[in-house]
>>> print(open('my_file.txt').read())   # compact mmCIF, N, CA and C atoms
# COMPACT_ATOMS: atom_id res chain seq x y z
N MET A 135 35.71 -108.34 180.09
CA MET A 135 37.09 -108.75 180.34
C MET A 135 37.09 -109.77 181.46
N PRO A 136 37.70 -110.98 181.25
CA PRO A 136 37.70 -112.00 182.28
C PRO A 136 38.55 -111.60 183.47
N ALA A 137 38.15 -112.06 184.66
CA ALA A 137 38.92 -111.77 185.87
C ALA A 137 40.21 -112.56 185.85
N LEU A 138 41.29 -111.93 186.28
CA LEU A 138 42.59 -112.60 186.34
C LEU A 138 42.65 -113.51 187.57
N LYS A 139 43.29 -114.66 187.39
CA LYS A 139 43.48 -115.54 188.52
C LYS A 139 44.50 -114.91 189.47
N PRO A 140 44.36 -115.14 190.77
CA PRO A 140 45.37 -114.61 191.69
C PRO A 140 46.72 -115.27 191.42
N ILE A 141 47.76 -114.51 191.64
CA ILE A 141 49.11 -115.04 191.44
C ILE A 141 49.48 -115.86 192.68
N THR A 142 49.81 -117.10 192.46
CA THR A 142 50.27 -117.97 193.54
C THR A 142 51.63 -118.53 193.16
N LEU A 143 52.33 -119.09 194.13
CA LEU A 143 53.61 -119.73 193.85
C LEU A 143 53.42 -120.85 192.84
N GLU A 144 52.34 -121.59 193.01
CA GLU A 144 52.06 -122.69 192.07
C GLU A 144 51.90 -122.15 190.65
N ASN A 145 51.19 -121.02 190.50
CA ASN A 145 51.05 -120.40 189.17
C ASN A 145 52.40 -120.03 188.59
N LEU A 146 53.25 -119.44 189.42
CA LEU A 146 54.56 -119.02 188.94
C LEU A 146 55.41 -120.23 188.54
N LEU A 147 55.36 -121.29 189.35
CA LEU A 147 56.15 -122.48 189.04
C LEU A 147 55.69 -123.13 187.74
N ARG A 148 54.41 -123.07 187.47
CA ARG A 148 53.89 -123.63 186.23
C ARG A 148 54.04 -122.67 185.05
N GLY A 149 54.53 -121.47 185.32
CA GLY A 149 54.75 -120.50 184.26
C GLY A 149 53.48 -119.83 183.77
N GLU A 150 52.41 -119.89 184.57
CA GLU A 150 51.15 -119.28 184.13
C GLU A 150 51.23 -117.76 184.10
N ARG A 151 51.99 -117.20 185.00
CA ARG A 151 52.19 -115.75 185.00
C ARG A 151 53.65 -115.51 185.32
N PHE A 152 54.16 -114.44 184.82
CA PHE A 152 55.56 -114.15 185.04
C PHE A 152 55.76 -113.22 186.23
N VAL A 153 56.94 -113.30 186.80
CA VAL A 153 57.28 -112.49 187.97
C VAL A 153 57.12 -111.00 187.67
N GLU A 154 57.39 -110.61 186.45
CA GLU A 154 57.28 -109.20 186.08
C GLU A 154 55.86 -108.66 186.23
N GLU A 155 54.88 -109.56 186.25
CA GLU A 155 53.49 -109.13 186.37
C GLU A 155 53.08 -108.87 187.81
N LEU A 156 53.92 -109.26 188.77
CA LEU A 156 53.60 -109.03 190.18
C LEU A 156 53.76 -107.56 190.52
N THR A 157 52.88 -107.07 191.36
CA THR A 157 53.09 -105.73 191.90
C THR A 157 54.19 -105.83 192.94
N PRO A 158 54.81 -104.73 193.30
CA PRO A 158 55.83 -104.79 194.34
C PRO A 158 55.28 -105.38 195.65
N GLN A 159 54.04 -105.09 195.98
CA GLN A 159 53.44 -105.62 197.20
C GLN A 159 53.25 -107.14 197.08
N GLU A 160 52.81 -107.60 195.91
CA GLU A 160 52.65 -109.03 195.70
C GLU A 160 53.99 -109.75 195.75
N ALA A 161 55.02 -109.11 195.16
CA ALA A 161 56.36 -109.69 195.17
C ALA A 161 56.88 -109.81 196.61
N ALA A 162 56.65 -108.77 197.41
CA ALA A 162 57.09 -108.80 198.81
C ALA A 162 56.36 -109.89 199.58
N ALA A 163 55.06 -110.02 199.35
CA ALA A 163 54.28 -111.06 200.03
C ALA A 163 54.76 -112.45 199.61
N MET A 164 55.06 -112.62 198.32
CA MET A 164 55.55 -113.90 197.82
C MET A 164 56.90 -114.24 198.45
N MET A 165 57.79 -113.25 198.53
CA MET A 165 59.10 -113.48 199.14
C MET A 165 58.97 -113.85 200.61
N THR A 166 58.06 -113.20 201.32
CA THR A 166 57.83 -113.52 202.72
C THR A 166 57.34 -114.96 202.87
N ALA A 167 56.40 -115.34 202.02
CA ALA A 167 55.88 -116.71 202.06
C ALA A 167 56.99 -117.71 201.73
N LEU A 168 57.81 -117.41 200.73
CA LEU A 168 58.90 -118.31 200.35
C LEU A 168 59.94 -118.42 201.46
N ALA A 169 60.21 -117.32 202.16
CA ALA A 169 61.16 -117.36 203.27
C ALA A 169 60.64 -118.28 204.38
N GLY A 170 59.34 -118.23 204.63
CA GLY A 170 58.75 -119.12 205.63
C GLY A 170 58.88 -120.58 205.23
N VAL A 171 58.64 -120.86 203.96
CA VAL A 171 58.79 -122.24 203.46
C VAL A 171 60.24 -122.66 203.54
N GLN A 172 61.16 -121.78 203.18
CA GLN A 172 62.58 -122.09 203.23
C GLN A 172 63.02 -122.42 204.66
N LEU A 173 62.54 -121.65 205.61
CA LEU A 173 62.88 -121.92 207.02
C LEU A 173 62.31 -123.26 207.48
N ALA A 174 61.08 -123.55 207.08
CA ALA A 174 60.46 -124.82 207.45
C ALA A 174 61.22 -125.99 206.85
N LEU A 175 61.64 -125.85 205.59
CA LEU A 175 62.40 -126.93 204.95
C LEU A 175 63.77 -127.11 205.60
N ALA A 176 64.43 -126.00 205.93
CA ALA A 176 65.74 -126.09 206.59
C ALA A 176 65.58 -126.76 207.95
N ASN A 177 64.52 -126.41 208.68
CA ASN A 177 64.27 -127.02 209.98
C ASN A 177 64.02 -128.52 209.83
N ARG A 178 63.30 -128.91 208.80
CA ARG A 178 63.02 -130.32 208.54
C ARG A 178 64.31 -131.09 208.30
N ILE A 179 65.22 -130.50 207.53
CA ILE A 179 66.50 -131.14 207.24
C ILE A 179 67.33 -131.27 208.51
N LEU A 180 67.39 -130.20 209.29
CA LEU A 180 68.24 -130.18 210.48
C LEU A 180 67.72 -131.09 211.60
N THR A 181 66.42 -131.30 211.64
CA THR A 181 65.87 -132.12 212.73
C THR A 181 65.56 -133.55 212.29
N ALA A 182 65.92 -133.88 211.07
CA ALA A 182 65.65 -135.24 210.57
C ALA A 182 66.50 -136.26 211.31
N LYS A 183 65.89 -137.37 211.60
CA LYS A 183 66.60 -138.46 212.25
C LYS A 183 67.51 -139.13 211.22
N ALA A 184 68.73 -139.43 211.63
CA ALA A 184 69.67 -140.09 210.73
C ALA A 184 69.14 -141.47 210.36
N PRO A 185 69.34 -141.89 209.12
CA PRO A 185 68.86 -143.21 208.73
C PRO A 185 69.59 -144.31 209.50
N GLU A 186 68.88 -145.39 209.73
CA GLU A 186 69.48 -146.53 210.42
C GLU A 186 70.56 -147.13 209.54
N PRO A 187 71.71 -147.49 210.13
CA PRO A 187 72.74 -148.14 209.31
C PRO A 187 72.26 -149.53 208.90
N PRO A 188 72.74 -150.01 207.76
CA PRO A 188 72.32 -151.35 207.35
C PRO A 188 72.79 -152.38 208.37
N PRO A 189 72.03 -153.46 208.51
CA PRO A 189 72.45 -154.47 209.49
C PRO A 189 73.78 -155.10 209.09
N ARG A 190 74.55 -155.45 210.10
CA ARG A 190 75.83 -156.11 209.85
C ARG A 190 75.55 -157.53 209.38
N PRO A 191 76.38 -158.01 208.48
CA PRO A 191 76.16 -159.38 208.02
C PRO A 191 76.40 -160.38 209.14
N ASP A 192 75.67 -161.44 209.08
CA ASP A 192 75.83 -162.53 210.05
C ASP A 192 77.11 -163.27 209.69
N ASP A 193 78.10 -163.24 210.59
CA ASP A 193 79.39 -163.87 210.32
C ASP A 193 79.26 -165.35 209.98
N SER A 194 78.23 -165.99 210.47
CA SER A 194 78.08 -167.42 210.20
C SER A 194 77.74 -167.68 208.73
N LYS A 195 77.29 -166.65 208.02
CA LYS A 195 76.93 -166.81 206.62
C LYS A 195 78.08 -166.47 205.68
N LEU A 196 79.16 -165.96 206.23
CA LEU A 196 80.31 -165.60 205.40
C LEU A 196 81.14 -166.83 205.09
N LEU A 197 81.70 -166.86 203.89
CA LEU A 197 82.55 -167.97 203.49
C LEU A 197 84.00 -167.62 203.77
N ARG A 198 84.74 -168.62 204.16
CA ARG A 198 86.19 -168.44 204.35
C ARG A 198 86.85 -168.57 202.99
N VAL A 199 88.09 -168.10 202.89
CA VAL A 199 88.82 -168.15 201.63
C VAL A 199 88.92 -169.60 201.13
N ASP A 200 89.19 -170.52 202.03
CA ASP A 200 89.29 -171.94 201.63
C ASP A 200 87.97 -172.44 201.02
N ASP A 201 86.84 -172.02 201.60
CA ASP A 201 85.54 -172.45 201.09
C ASP A 201 85.29 -171.90 199.68
N VAL A 202 85.63 -170.61 199.47
CA VAL A 202 85.43 -169.99 198.17
C VAL A 202 86.33 -170.67 197.13
N ALA A 203 87.58 -170.91 197.50
CA ALA A 203 88.50 -171.58 196.58
C ALA A 203 87.97 -172.95 196.18
N ALA A 204 87.44 -173.69 197.13
CA ALA A 204 86.90 -175.03 196.83
C ALA A 204 85.67 -174.93 195.93
N LEU A 205 84.79 -173.97 196.22
CA LEU A 205 83.59 -173.80 195.39
C LEU A 205 83.92 -173.42 193.95
N LEU A 206 84.94 -172.58 193.79
CA LEU A 206 85.32 -172.10 192.46
C LEU A 206 86.35 -172.99 191.79
N ASN A 207 86.80 -173.99 192.52
CA ASN A 207 87.82 -174.90 192.01
C ASN A 207 89.07 -174.10 191.59
N MET A 208 89.50 -173.23 192.48
CA MET A 208 90.65 -172.38 192.24
C MET A 208 91.63 -172.51 193.39
N ALA A 209 92.83 -172.07 193.14
CA ALA A 209 93.84 -172.09 194.21
C ALA A 209 93.49 -171.01 195.24
N ARG A 210 93.85 -171.29 196.48
CA ARG A 210 93.59 -170.33 197.56
C ARG A 210 94.24 -168.98 197.26
N LYS A 211 95.44 -169.01 196.71
CA LYS A 211 96.17 -167.78 196.36
C LYS A 211 95.39 -166.94 195.34
N THR A 212 94.75 -167.59 194.38
CA THR A 212 94.00 -166.89 193.35
C THR A 212 92.81 -166.16 193.95
N VAL A 213 92.14 -166.83 194.88
CA VAL A 213 90.98 -166.22 195.53
C VAL A 213 91.45 -165.09 196.41
>>> encode(input="my_file.txt", output="structure tokens")
Amino acid sequence: MPALKPITLENLLRGERFVEELTPQEAAAMMTALAGVQLALANRILTAKAPEPPPRPDDSKLLRVDDVAALLNMARKTV
């Protein structure tokens, strides 16, 4: 009879073995390990640095309404 592979979270996620096959002790150990991962992930989220806001556009590169109207050959009111 071949030896069974140990049950790991990776095995469970890939569906290699089902949760029902875990002993109560294995299930408790798995839950403890998952709780540790959950706490580490929550800590990572809470301590993450906020992303930098996008740079403000350079006002010198912005077109005025009159410029846009002239470029599009449209009335200022339309633009």
>>> residues_around(input="my_file.txt", residues="Ile141 (chain A)", least_positions_apart="6", cutoff="12 Å", atoms="only C-alpha atoms", output="PDB file with N, CA and C atoms, in the frame of the given file")
ATOM      1  N   LEU A 147      55.360-121.290 189.350  1.00  0.00           N
ATOM      2  CA  LEU A 147      56.150-122.480 189.040  1.00  0.00           C
ATOM      3  C   LEU A 147      55.690-123.130 187.740  1.00  0.00           C
ATOM      4  N   ARG A 148      54.410-123.070 187.470  1.00  0.00           N
ATOM      5  CA  ARG A 148      53.890-123.630 186.230  1.00  0.00           C
ATOM      6  C   ARG A 148      54.040-122.670 185.050  1.00  0.00           C
ATOM      7  N   GLY A 149      54.530-121.470 185.320  1.00  0.00           N
ATOM      8  CA  GLY A 149      54.750-120.500 184.260  1.00  0.00           C
ATOM      9  C   GLY A 149      53.480-119.830 183.770  1.00  0.00           C
ATOM     10  N   GLU A 150      52.410-119.890 184.570  1.00  0.00           N
ATOM     11  CA  GLU A 150      51.150-119.280 184.130  1.00  0.00           C
ATOM     12  C   GLU A 150      51.230-117.760 184.100  1.00  0.00           C
ATOM     13  N   ARG A 151      51.990-117.200 185.000  1.00  0.00           N
ATOM     14  CA  ARG A 151      52.190-115.750 185.000  1.00  0.00           C
ATOM     15  C   ARG A 151      53.650-115.510 185.320  1.00  0.00           C
ATOM     16  N   PHE A 152      54.160-114.440 184.820  1.00  0.00           N
ATOM     17  CA  PHE A 152      55.560-114.150 185.040  1.00  0.00           C
ATOM     18  C   PHE A 152      55.760-113.220 186.230  1.00  0.00           C
ATOM     19  N   VAL A 153      56.940-113.300 186.800  1.00  0.00           N
ATOM     20  CA  VAL A 153      57.280-112.490 187.970  1.00  0.00           C
ATOM     21  C   VAL A 153      57.120-111.000 187.670  1.00  0.00           C
ATOM     22  N   GLU A 154      57.390-110.610 186.450  1.00  0.00           N
ATOM     23  CA  GLU A 154      57.280-109.200 186.080  1.00  0.00           C
ATOM     24  C   GLU A 154      55.860-108.660 186.230  1.00  0.00           C
ATOM     25  N   GLU A 155      54.880-109.560 186.250  1.00  0.00           N
ATOM     26  CA  GLU A 155      53.490-109.130 186.370  1.00  0.00           C
ATOM     27  C   GLU A 155      53.080-108.870 187.810  1.00  0.00           C
ATOM     28  N   LEU A 156      53.920-109.260 188.770  1.00  0.00           N
ATOM     29  CA  LEU A 156      53.600-109.030 190.180  1.00  0.00           C
ATOM     30  C   LEU A 156      53.760-107.560 190.520  1.00  0.00           C
ATOM     31  N   THR A 157      52.880-107.070 191.360  1.00  0.00           N
ATOM     32  CA  THR A 157      53.090-105.730 191.900  1.00  0.00           C
ATOM     33  C   THR A 157      54.190-105.830 192.940  1.00  0.00           C
ATOM     34  N   GLN A 159      54.040-105.090 195.980  1.00  0.00           N
ATOM     35  CA  GLN A 159      53.440-105.620 197.200  1.00  0.00           C
ATOM     36  C   GLN A 159      53.250-107.140 197.080  1.00  0.00           C
ATOM     37  N   GLU A 160      52.810-107.600 195.910  1.00  0.00           N
ATOM     38  CA  GLU A 160      52.650-109.030 195.700  1.00  0.00           C
ATOM     39  C   GLU A 160      53.990-109.750 195.750  1.00  0.00           C
ATOM     40  N   ALA A 161      55.020-109.110 195.160  1.00  0.00           N
ATOM     41  CA  ALA A 161      56.360-109.690 195.170  1.00  0.00           C
ATOM     42  C   ALA A 161      56.880-109.810 196.610  1.00  0.00           C
ATOM     43  N   ALA A 163      55.060-110.020 199.350  1.00  0.00           N
ATOM     44  CA  ALA A 163      54.280-111.060 200.030  1.00  0.00           C
ATOM     45  C   ALA A 163      54.760-112.450 199.610  1.00  0.00           C
ATOM     46  N   MET A 164      55.060-112.620 198.320  1.00  0.00           N
ATOM     47  CA  MET A 164      55.550-113.900 197.820  1.00  0.00           C
ATOM     48  C   MET A 164      56.900-114.240 198.450  1.00  0.00           C
TER      49      MET A 164
END
>>> atom_distance(input="my_file.txt", atom1="atom N of Leu143 (chain A)", atom2="atom C of Ala176 (chain A)")
20.6 Å
>>> closest_residue(input="my_file.txt", among="A:Pro188, A:Thr142, A:Leu180, A:Val213", to="Asp200 (chain A)", atoms="all atoms listed in the file")
A:Val213
>>> atom_distance(input="my_file.txt", atom1="CA of Arg210 (chain A)", atom2="atom N of Leu197 (chain A)")
13.9 Å
>>> atom_distance(input="my_file.txt", atom1="atom C of Ala167 (chain A)", atom2="atom N of Glu144 (chain A)")
10.6 Å
>>> select_by_dssp(input="my_file.txt", residues="chain A", states="alpha helix (DSSP H)", output="VMD selection string")
chain A and resid 143 to 147 158 to 180 199 to 206
